[in-house]
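As stored in query_5.txt (compact mmCIF, C-alpha atoms and all ligand atoms):
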# COMPACT_ATOMS: atom_id res chain seq x y z
CA MET A 1 145.04 90.73 161.21
CA GLN A 2 146.28 90.15 157.69
CA ILE A 3 144.76 91.63 154.55
CA ALA A 4 145.68 90.44 151.05
CA ILE A 5 145.77 93.08 148.31
CA VAL A 6 144.49 91.41 145.15
CA GLY A 7 143.50 92.62 141.69
CA LEU A 8 144.15 92.21 137.99
CA ALA A 9 147.47 93.23 136.41
CA ALA A 10 148.26 96.96 136.45
CA SER A 11 145.25 97.85 138.60
CA GLY A 12 147.43 99.68 141.12
CA LYS A 13 147.89 97.00 143.81
CA THR A 14 151.50 97.87 144.55
CA THR A 15 150.72 101.60 144.54
CA VAL A 16 147.99 100.96 147.13
CA PHE A 17 150.41 98.79 149.10
CA ASN A 18 153.00 101.58 149.08
CA THR A 19 150.38 104.07 150.22
CA LEU A 20 149.31 101.93 153.13
CA THR A 21 152.75 100.86 154.27
CA ARG A 22 154.64 104.01 153.25
CA GLY A 23 156.70 101.57 151.23
CA HIS A 24 158.72 101.85 148.06
CA ALA A 25 158.00 98.58 146.29
CA GLN A 26 158.45 98.62 142.51
CA THR A 27 155.34 99.63 140.56
CA GLY A 28 154.47 99.75 136.89
CA GLY A 29 154.83 96.06 136.12
CA PHE A 30 158.45 95.94 137.28
CA GLY A 31 157.51 94.02 140.39
CA GLY A 32 157.23 90.77 138.43
CA MET A 33 156.26 87.93 140.75
CA THR A 34 157.53 89.53 143.96
CA LEU A 35 155.37 89.35 147.02
CA ASN A 36 155.42 92.46 149.21
CA VAL A 37 154.63 92.25 152.91
CA GLY A 38 154.28 95.27 155.17
CA VAL A 39 153.02 95.94 158.67
CA VAL A 40 150.97 99.06 159.34
CA LYS A 41 150.30 100.56 162.75
CA VAL A 42 146.66 101.47 163.23
CA PRO A 43 146.39 105.20 164.02
CA ASP A 44 144.52 105.63 167.29
CA PRO A 45 144.59 109.07 168.96
CA ARG A 46 143.22 107.52 172.18
CA LEU A 47 146.62 105.93 172.79
CA ASP A 48 148.30 109.34 172.89
CA ARG A 49 145.84 110.64 175.48
CA LEU A 50 146.35 107.54 177.61
CA ALA A 51 150.11 107.92 177.29
CA ASP A 52 149.78 111.45 178.73
CA ILE A 53 148.07 109.98 181.78
CA PHE A 54 150.15 106.84 182.35
CA LYS A 55 153.56 107.95 181.04
CA PRO A 56 154.32 104.38 179.95
CA LYS A 57 157.72 103.07 178.81
CA LYS A 58 156.15 102.23 175.48
CA VAL A 59 153.02 102.69 173.38
CA VAL A 60 151.94 99.79 171.19
CA GLN A 61 149.45 100.36 168.40
CA ALA A 62 147.37 97.57 166.91
CA ASP A 63 148.81 96.46 163.60
CA VAL A 64 147.59 95.16 160.30
CA THR A 65 149.74 93.15 157.91
CA TYR A 66 149.22 93.88 154.22
CA VAL A 67 150.34 91.42 151.56
CA ASP A 68 150.63 92.62 147.95
CA LEU A 69 150.21 89.72 145.55
CA PRO A 70 150.82 89.65 141.79
CA ALA A 71 147.68 89.09 139.71
CA PRO A 72 146.84 85.38 139.33
CA PRO A 73 147.14 83.98 135.80
CA ALA A 74 143.79 83.74 133.99
CA SER A 75 142.05 80.37 134.04
CA THR A 76 141.60 78.41 130.83
CA GLU A 77 139.18 75.62 130.00
CA GLY A 78 139.87 72.83 132.48
CA HIS A 79 142.68 74.67 134.29
CA VAL A 80 142.45 77.02 137.27
CA GLY A 81 144.85 79.98 136.97
CA THR A 82 145.15 80.66 140.70
CA GLU A 83 146.74 77.23 141.13
CA ASP A 84 149.74 78.44 139.13
CA LEU A 85 150.60 80.96 141.84
CA PRO A 86 153.72 80.03 143.79
CA ALA A 87 152.86 78.01 146.91
CA GLU A 88 153.98 80.85 149.20
CA HIS A 89 151.65 83.31 147.48
CA LEU A 90 148.71 80.95 147.70
CA ALA A 91 149.40 80.28 151.38
CA ARG A 92 149.56 84.02 152.12
CA LEU A 93 146.32 84.54 150.25
CA ARG A 94 144.52 81.72 152.07
CA ASP A 95 145.86 82.82 155.47
CA SER A 96 144.52 86.36 155.10
CA ASP A 97 141.51 87.47 157.13
CA ALA A 98 140.14 89.69 154.37
CA LEU A 99 140.74 90.75 150.78
CA LEU A 100 141.40 94.25 149.54
CA HIS A 101 140.40 94.01 145.90
CA VAL A 102 141.92 96.84 143.84
CA VAL A 103 139.98 97.54 140.64
CA ARG A 104 141.34 99.81 137.97
CA ALA A 105 139.16 102.82 137.24
CA PHE A 106 141.93 105.22 136.12
CA ASP A 107 142.79 105.83 132.52
CA ASP A 108 146.40 106.51 131.64
CA PRO A 109 147.65 106.39 128.05
CA SER A 110 151.21 105.88 129.27
CA MET A 111 150.08 102.72 131.07
CA PRO A 112 147.42 101.15 128.83
CA HIS A 113 144.97 98.74 130.41
CA PRO A 114 146.06 95.19 129.46
CA ALA A 115 142.49 94.46 128.21
CA GLY A 116 142.45 97.55 125.98
CA SER A 117 139.79 99.51 127.83
CA VAL A 118 138.98 100.69 131.35
CA ASP A 119 135.90 98.89 132.69
CA PRO A 120 135.85 98.48 136.47
CA ALA A 121 132.63 96.42 136.59
CA ARG A 122 134.09 93.92 134.12
CA ASP A 123 137.42 93.67 135.96
CA LEU A 124 135.73 93.24 139.33
CA GLU A 125 133.69 90.34 137.97
CA GLN A 126 136.72 88.77 136.28
CA LEU A 127 138.82 88.41 139.42
CA ASP A 128 135.78 87.35 141.47
CA LEU A 129 135.29 84.58 138.94
CA GLU A 130 138.93 83.48 139.31
CA PHE A 131 138.43 83.10 143.04
CA ILE A 132 135.15 81.25 142.55
CA LEU A 133 136.96 78.81 140.23
CA ALA A 134 139.74 78.35 142.79
CA ASP A 135 137.26 77.47 145.54
CA LEU A 136 135.24 75.26 143.23
CA ALA A 137 138.36 73.24 142.34
CA MET A 138 138.99 72.60 146.04
CA VAL A 139 135.39 71.64 146.71
CA ASP A 140 135.36 69.25 143.74
CA ARG A 141 138.57 67.54 144.82
CA ARG A 142 137.35 67.10 148.37
CA LEU A 143 133.97 65.75 147.22
CA GLU A 144 135.73 63.22 144.98
CA ARG A 145 137.86 62.05 147.89
CA LEU A 146 134.86 61.78 150.19
CA ALA A 147 132.99 59.74 147.58
CA ALA A 148 135.95 57.42 147.02
CA GLY A 149 136.57 56.38 150.60
CA ARG A 150 133.73 55.89 153.03
CA HIS A 151 135.68 54.48 155.94
CA GLY A 152 137.01 55.47 159.35
CA THR A 153 135.34 55.33 162.75
CA PRO A 154 131.60 56.00 162.99
CA ALA A 155 132.35 59.47 164.35
CA GLU A 156 134.66 60.25 161.43
CA ARG A 157 132.12 58.99 158.94
CA GLU A 158 129.47 61.14 160.49
CA ALA A 159 131.71 64.23 160.35
CA ASN A 160 132.51 63.46 156.71
CA GLU A 161 128.85 63.17 155.88
CA ARG A 162 128.12 66.51 157.49
CA GLU A 163 131.00 68.07 155.57
CA GLU A 164 129.73 66.56 152.33
CA VAL A 165 126.29 68.08 152.78
CA ILE A 166 127.80 71.56 153.26
CA LEU A 167 130.23 71.18 150.36
CA ARG A 168 127.46 70.04 147.99
CA ARG A 169 125.49 73.15 148.86
CA LEU A 170 128.54 75.36 148.31
CA LYS A 171 129.23 73.64 145.01
CA THR A 172 125.74 74.55 143.78
CA ASP A 173 126.37 78.16 144.81
CA LEU A 174 129.83 78.37 143.26
CA ASP A 175 128.63 76.74 140.04
CA ALA A 176 126.03 79.50 139.83
CA GLY A 177 128.73 82.15 140.41
CA ARG A 178 127.82 82.87 144.03
CA PRO A 179 130.69 83.40 146.50
CA ILE A 180 130.75 81.44 149.78
CA ARG A 181 130.43 84.64 151.83
CA ASP A 182 126.85 84.84 150.53
CA ALA A 183 125.91 81.31 151.64
CA GLY A 184 124.78 82.38 155.12
CA LEU A 185 126.58 79.51 156.84
CA THR A 186 125.81 78.92 160.50
CA ASP A 187 128.73 79.15 162.95
CA ALA A 188 128.89 75.35 163.10
CA GLU A 189 128.93 75.04 159.31
CA ALA A 190 131.60 77.71 158.97
CA LYS A 191 133.68 75.87 161.56
CA ALA A 192 133.33 72.58 159.69
CA ILE A 193 134.88 74.08 156.54
CA ARG A 194 137.31 76.49 158.20
CA GLY A 195 140.29 74.32 157.26
CA PHE A 196 139.78 75.00 153.55
CA ARG A 197 140.33 78.75 153.99
CA PHE A 198 138.15 79.42 150.95
CA LEU A 199 138.92 82.66 149.10
CA THR A 200 135.31 83.67 148.42
CA GLU A 201 134.44 83.21 152.08
CA LYS A 202 136.69 86.11 153.11
CA PRO A 203 135.17 89.55 153.60
CA VAL A 204 136.15 91.87 150.76
CA LEU A 205 136.83 95.58 150.50
CA VAL A 206 136.62 96.59 146.84
CA LEU A 207 138.66 99.72 146.16
CA LEU A 208 138.10 101.45 142.84
CA ASN A 209 141.40 103.06 141.95
CA VAL A 210 140.34 106.30 140.26
CA GLY A 211 142.47 108.76 138.32
CA GLU A 212 143.52 112.01 139.94
CA ARG A 213 141.11 114.02 137.73
CA ASP A 214 138.23 111.63 138.41
CA LEU A 215 137.95 112.26 142.14
CA PRO A 216 134.87 114.54 141.87
CA GLY A 217 132.77 111.73 140.34
CA ALA A 218 134.36 108.91 142.31
CA ARG A 219 131.72 108.64 145.04
CA GLU A 220 129.00 108.31 142.42
CA LEU A 221 130.93 105.58 140.60
CA ALA A 222 131.56 103.67 143.84
CA ASP A 223 127.87 103.91 144.75
CA ALA A 224 126.76 102.72 141.31
CA ILE A 225 129.07 99.71 141.38
CA GLY A 226 128.36 99.09 145.06
CA ASN A 227 124.60 99.03 144.49
CA SER A 228 124.88 96.26 141.94
CA TYR A 229 127.43 94.35 144.04
CA GLU A 230 124.92 92.66 146.29
CA HIS A 231 127.13 90.50 148.47
CA ARG A 232 127.43 89.96 152.16
CA GLN A 233 130.55 91.17 153.92
CA ALA A 234 131.52 93.37 151.00
CA ILE A 235 132.17 97.12 150.88
CA VAL A 236 132.82 99.13 147.71
CA ASP A 237 134.81 102.35 148.01
CA PHE A 238 137.33 104.35 146.00
CA LEU A 239 140.81 105.77 146.29
CA SER A 240 143.18 107.60 143.99
CA ALA A 241 146.23 105.48 144.72
CA ARG A 242 148.66 107.74 142.85
CA ILE A 243 147.60 110.82 144.85
CA GLU A 244 147.58 108.94 148.11
CA MET A 245 151.08 107.63 147.50
CA GLU A 246 152.34 111.13 146.74
CA LEU A 247 150.59 112.46 149.85
CA GLY A 248 152.37 109.85 151.91
CA GLU A 249 155.72 111.12 150.70
CA LEU A 250 155.07 114.71 151.81
CA GLU A 251 155.81 116.28 155.16
CA PRO A 252 152.63 116.20 157.33
CA GLU A 253 151.99 119.97 156.99
CA ASP A 254 152.41 119.97 153.22
CA ALA A 255 150.19 116.91 153.02
CA ALA A 256 147.47 118.70 155.01
CA THR A 257 147.58 121.70 152.64
CA PHE A 258 147.52 119.44 149.58
CA MET A 259 144.60 117.45 150.97
CA GLU A 260 142.66 120.66 151.60
CA GLU A 261 143.26 121.79 148.02
CA LEU A 262 141.99 118.46 146.70
CA GLY A 263 139.07 118.34 149.11
CA ILE A 264 140.18 115.11 150.76
CA ALA A 265 139.05 114.97 154.37
CA GLN A 266 140.95 111.93 155.54
CA SER A 267 144.06 110.16 154.28
CA GLY A 268 143.54 106.98 152.30
CA LEU A 269 145.42 105.04 154.93
CA GLU A 270 142.99 106.04 157.67
CA ARG A 271 139.97 105.39 155.48
CA VAL A 272 141.11 101.94 154.36
CA ILE A 273 141.97 100.89 157.90
CA ARG A 274 138.64 102.18 159.22
CA LEU A 275 136.77 100.33 156.46
CA SER A 276 138.75 97.14 157.09
CA TYR A 277 137.84 97.33 160.76
CA ARG A 278 134.17 97.79 159.87
CA LEU A 279 134.27 94.99 157.32
CA LEU A 280 135.81 92.55 159.76
CA GLY A 281 133.59 93.77 162.58
CA LEU A 282 136.60 94.71 164.71
CA ILE A 283 136.78 97.00 167.71
CA SER A 284 139.75 97.84 169.94
CA PHE A 285 140.03 97.52 173.67
CA LEU A 286 142.91 99.20 175.46
CA THR A 287 145.31 98.33 178.23
CA ALA A 288 147.18 101.03 180.13
CA GLY A 289 149.84 101.03 182.82
CA PRO A 290 153.32 102.29 183.65
CA ASP A 291 154.97 99.77 181.32
CA GLU A 292 152.75 99.93 178.31
CA VAL A 293 149.73 101.57 176.74
CA ARG A 294 148.33 99.35 174.03
CA ALA A 295 145.41 98.78 171.63
CA TRP A 296 144.11 95.26 170.97
CA PRO A 297 141.85 94.50 168.02
CA ILE A 298 139.04 91.99 168.71
CA VAL A 299 135.85 90.97 166.96
CA ASN A 300 132.85 93.08 167.96
CA GLY A 301 130.69 90.95 170.26
CA SER A 302 133.67 89.38 172.05
CA ASN A 303 133.36 88.86 175.79
CA ALA A 304 135.87 89.64 178.52
CA VAL A 305 137.43 86.15 178.31
CA ASP A 306 137.97 86.53 174.55
CA ALA A 307 139.66 89.87 175.24
CA ALA A 308 141.88 88.25 177.87
CA GLY A 309 142.76 85.53 175.36
CA ALA A 310 143.81 88.15 172.81
CA ILE A 311 146.52 89.21 175.25
CA HIS A 312 147.58 85.72 176.32
CA THR A 313 145.91 82.29 176.57
CA ASP A 314 146.95 82.12 180.27
CA LEU A 315 144.85 85.19 180.99
CA ALA A 316 141.81 83.53 179.44
CA LYS A 317 142.39 80.23 181.27
CA GLY A 318 142.85 81.77 184.71
CA PHE A 319 140.40 84.66 184.17
CA ILE A 320 138.97 86.07 187.41
CA ARG A 321 137.54 89.45 186.40
CA ALA A 322 138.25 92.51 184.29
CA GLU A 323 138.56 95.92 185.92
CA THR A 324 137.02 98.08 183.23
CA VAL A 325 136.62 101.79 182.61
CA GLY A 326 135.40 103.48 179.44
CA TYR A 327 138.04 105.55 177.65
CA GLU A 328 136.00 108.76 177.84
CA ASP A 329 135.42 108.38 181.59
CA LEU A 330 139.08 107.67 182.24
CA VAL A 331 140.31 110.65 180.26
CA GLN A 332 137.74 112.94 181.84
CA LEU A 333 138.56 111.83 185.40
CA GLY A 334 142.30 111.77 184.76
CA SER A 335 143.32 108.54 186.49
CA THR A 336 142.18 105.04 187.39
CA ALA A 337 142.04 106.03 191.08
CA GLU A 338 139.69 108.94 190.32
CA ALA A 339 137.61 106.68 188.11
CA ARG A 340 137.30 104.24 190.99
CA LYS A 341 136.23 107.01 193.40
CA ALA A 342 133.61 108.20 190.91
CA GLY A 343 132.25 104.65 190.60
CA LYS A 344 133.26 104.45 186.93
CA LEU A 345 135.66 101.54 187.36
CA ARG A 346 133.56 98.41 186.91
CA SER A 347 134.37 94.80 187.83
CA GLU A 348 133.26 92.80 184.82
CA GLY A 349 132.87 89.01 184.66
CA LYS A 350 133.52 86.44 181.96
CA THR A 351 130.40 87.12 179.90
CA TYR A 352 130.76 90.92 179.79
CA ARG A 353 130.52 92.14 176.20
CA VAL A 354 133.56 94.33 175.55
CA ALA A 355 132.92 97.81 174.08
CA ASP A 356 135.21 99.73 171.76
CA GLY A 357 137.54 101.89 173.86
CA ASP A 358 137.17 99.91 177.09
CA VAL A 359 140.34 100.28 179.13
CA MET A 360 140.77 96.92 180.86
CA GLU A 361 142.94 95.27 183.44
CA ILE A 362 142.50 91.50 183.47
CA LEU A 363 142.89 89.83 186.87
CA PHE A 364 143.74 86.15 186.62
CA SER A 365 145.13 83.24 188.61
CA ARG A 366 148.07 81.19 187.40
N1 LIG B 1 147.38 107.84 136.60
C1 LIG B 1 147.37 106.94 137.56
N2 LIG B 1 148.24 105.94 137.47
C2 LIG B 1 148.23 105.02 138.44
C3 LIG B 1 147.34 105.07 139.55
N3 LIG B 1 147.58 103.99 140.33
C4 LIG B 1 148.56 103.30 139.74
N4 LIG B 1 148.96 103.91 138.60
C5 LIG B 1 150.02 103.51 137.67
O1 LIG B 1 149.68 102.29 137.07
C6 LIG B 1 150.82 101.46 136.93
C7 LIG B 1 150.57 100.13 137.62
O2 LIG B 1 150.52 100.34 139.02
P1 LIG B 1 151.00 99.21 140.03
O3 LIG B 1 150.72 99.73 141.40
O4 LIG B 1 152.33 98.72 139.73
O5 LIG B 1 149.90 98.10 139.65
P2 LIG B 1 149.90 96.58 140.08
O6 LIG B 1 148.46 96.19 140.14
O7 LIG B 1 150.72 96.35 141.29
O8 LIG B 1 150.59 95.92 138.82
P3 LIG B 1 151.17 94.42 138.70
O9 LIG B 1 151.79 94.06 140.01
O10 LIG B 1 152.17 94.54 137.60
O11 LIG B 1 149.99 93.59 138.33
C8 LIG B 1 151.99 102.24 137.53
O12 LIG B 1 152.65 102.89 136.48
C9 LIG B 1 151.31 103.24 138.42
O13 LIG B 1 152.06 104.41 138.58
C10 LIG B 1 146.43 106.17 139.63
O14 LIG B 1 145.64 106.31 140.58
N5 LIG B 1 146.50 107.06 138.60
MG MG B 2 152.33 95.04 141.68
Would you mind writing the file's structure down as structure tokens?
Amino acid sequence: MQIAIVGLAASGKTTVFNTLTRGHAQTGGFGGMTLNVGVVKVPDPRLDRLADIFKPKKVVQADVTYVDLPAPPASTEGHVGTEDLPAEHLARLRDSDALLHVVRAFDDPSMPHPAGSVDPARDLEQLDLEFILADLAMVDRRLERLAAGRHGTPAEREANEREEVILRRLKTDLDAGRPIRDAGLTDAEAKAIRGFRFLTEKPVLVLLNVGERDLPGARELADAIGNSYEHRQAIVDFLSARIEMELGELEPEDAATFMEELGIAQSGLERVIRLSYRLLGLISFLTAGPDEVRAWPIVNGSNAVDAAGAIHTDLAKGFIRAETVGYEDLVQLGSTAEARKAGKLRSEGKTYRVADGDVMEILFSR
């Protein structure tokens, strides 16, 4: 899973990136056009309990890759700003599974807002518009090409016609300022346009970056903005990036004390990861044995074959069955053998819908 951190200049993107990755990338506009990439292990206490039982050689957490991108240049009449991003940045952005949109809500005289005033609703709309323009430019180019050349085999022509119908609909939406994630595409339609990797199709987590003194009113602000942000696959929440970054630099005990003083129940890292999982509709299934205890993120609704495929395509191809036990049952009974005796170890077939926390062993033929 890869999440792109996007936002306008000086909104706190790199500070959020440092918080999440415990990194030390340059902040305060000194980052220039650098692209920061960091991998974060997903905290999952269930792995520790399983490690107690299985005593594996290693424990592997699920991971999330975060990419911190510089703000795209603003579009001008007839020119799309996002297209001026270096090719590598654009590729990273398009390859991401979701966007983490950092919006500035903190005021700091030593770091004036480039637009002269702090206005999160305005900033949120501004970057959304940039991404709408970027997608629109791609749609327009493709429609022009489709109109110019109606050739190929009958099957190709038919596929092109289907694509054209979808793109025309999306163009109407984008022209009216509606992101693609709101279009309610069917699975088949989404598949037909998957290759474009449209920016406004990606789920988005909007994070209002509030000042350290603004935390008491932050929930209210996030709710107010969230209520008027009526989009599918979008969550609005808040974070005080500066505080979170400082918390990350403390020893765990000091951090716990500091968090208590500030009335923060959960670290920003945990909250953002949990929200990203919810946004993307992800759950984790687990594998456990003497070699390795490991968490695997999959889309909620996946079946046992999808889960097998997450481990290796061979396991999906030769899938026979999945020996499955719920995490709670396994921990309570203390071992797979006990779980089997108690009738809690189930043999699940291909179409079994995997639940969060299922501990699975996939049996397959080569
Ligand atoms: N007071 C306060 N300052 C913050 C907060 N978050 C970020 N800043 C400051 O704002 C400035 C910009 O933060 P960055 O994280 O570099 O922002 P950015 O969006 O990565 O900026 P560019 O990459 O230059 O577009 C830095 O001086 C940060 O220390 C915050 O929550 N409170
Ligand atoms: Mg930055």
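Closest to ligand LIG 1 (chain B) among A:Leu239, A:Leu129, A:Val204, A:Leu174 is A:Leu239, based on all atoms listed in the file.
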Identify, counting only C-alpha atoms and all ligand atoms, the protein, DNA and RNA residues located within 6 Å of ligand MG 2 (chain B), and give them as a ChimeraX atom specification.
-> /A:13-14,27,31,70
Would you list the residues that come within 7 Å of ligand LIG 1 (chain B)? Count all atoms listed in the file and give the answer as a PyMOL selection string.
-> chain A and resi 7-16+26-32+70-71+106-108+111+209-212+240-243
Please, could you write that set of residues out with C-alpha atoms as an mmCIF file, in the frame of the given file?
data_model
loop_
_atom_site.group_PDB
_atom_site.id
_atom_site.type_symbol
_atom_site.label_atom_id
_atom_site.label_comp_id
_atom_site.auth_asym_id
_atom_site.auth_seq_id
_atom_site.Cartn_x
_atom_site.Cartn_y
_atom_site.Cartn_z
ATOM 1 C CA GLY A 7 143.500 92.620 141.690
ATOM 2 C CA LEU A 8 144.150 92.210 137.990
ATOM 3 C CA ALA A 9 147.470 93.230 136.410
ATOM 4 C CA ALA A 10 148.260 96.960 136.450
ATOM 5 C CA SER A 11 145.250 97.850 138.600
ATOM 6 C CA GLY A 12 147.430 99.680 141.120
ATOM 7 C CA LYS A 13 147.890 97.000 143.810
ATOM 8 C CA THR A 14 151.500 97.870 144.550
ATOM 9 C CA THR A 15 150.720 101.600 144.540
ATOM 10 C CA VAL A 16 147.990 100.960 147.130
ATOM 11 C CA GLN A 26 158.450 98.620 142.510
ATOM 12 C CA THR A 27 155.340 99.630 140.560
ATOM 13 C CA GLY A 28 154.470 99.750 136.890
ATOM 14 C CA GLY A 29 154.830 96.060 136.120
ATOM 15 C CA PHE A 30 158.450 95.940 137.280
ATOM 16 C CA GLY A 31 157.510 94.020 140.390
ATOM 17 C CA GLY A 32 157.230 90.770 138.430
ATOM 18 C CA PRO A 70 150.820 89.650 141.790
ATOM 19 C CA ALA A 71 147.680 89.090 139.710
ATOM 20 C CA PHE A 106 141.930 105.220 136.120
ATOM 21 C CA ASP A 107 142.790 105.830 132.520
ATOM 22 C CA ASP A 108 146.400 106.510 131.640
ATOM 23 C CA MET A 111 150.080 102.720 131.070
ATOM 24 C CA ASN A 209 141.400 103.060 141.950
ATOM 25 C CA VAL A 210 140.340 106.300 140.260
ATOM 26 C CA GLY A 211 142.470 108.760 138.320
ATOM 27 C CA GLU A 212 143.520 112.010 139.940
ATOM 28 C CA SER A 240 143.180 107.600 143.990
ATOM 29 C CA ALA A 241 146.230 105.480 144.720
ATOM 30 C CA ARG A 242 148.660 107.740 142.850
ATOM 31 C CA ILE A 243 147.600 110.820 144.850
#
What is the distance, in Å and to one decimal place, between atom CA of A:Gln266 and atom CA of A:Arg219?
-> 14.4 Å
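Among the candidates A:Ile362, A:Ala308, A:Ala265, A:Ile298, the residue lying nearest to A:Tyr277 is A:Ile298 (atoms considered: all atoms listed in the file).
Between atom CA of A:Val359 and atom CA of A:Ala98 the separation is 26.9 Å.
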So how far away is atom CA of A:Val59 from atom CA of A:Pro290, in Å?
->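 Here the two named atoms are 10.3 Å from each other.
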Taking (157.5, 98.4, 184.9) in the file's own coordinates, collect the residues within 10 Å, counting all atoms listed in the file, and hand them back as a list in words.
-> Pro56, Lys57, Gly289, Pro290, Asp291 and Glu292 of chain A
Excluding stretch 303-306 of chain A and any residue of its chain fewer than 3 positions from it, enumerate the residues within 7 Å of it, using only C-alpha atoms, and give them as a ChimeraX atom specification.
-> /A:309-310,316,319,322,349-354
10 Å contact set for A:Arg150, only C-alpha atoms, chain neighbours under 4 positions out, as a list in words =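 Counting only the stated atoms, we get Arg145, Leu146, Glu156, Arg157, Asn160 and Glu161 of chain A.
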Which residue of A:Val42, A:Phe258, A:Glu164, A:Ala134 approaches A:His79 most closely, using all atoms listed in the file |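 Using all atoms listed in the file, the shortest distance to A:His79 belongs to A:Ala134.
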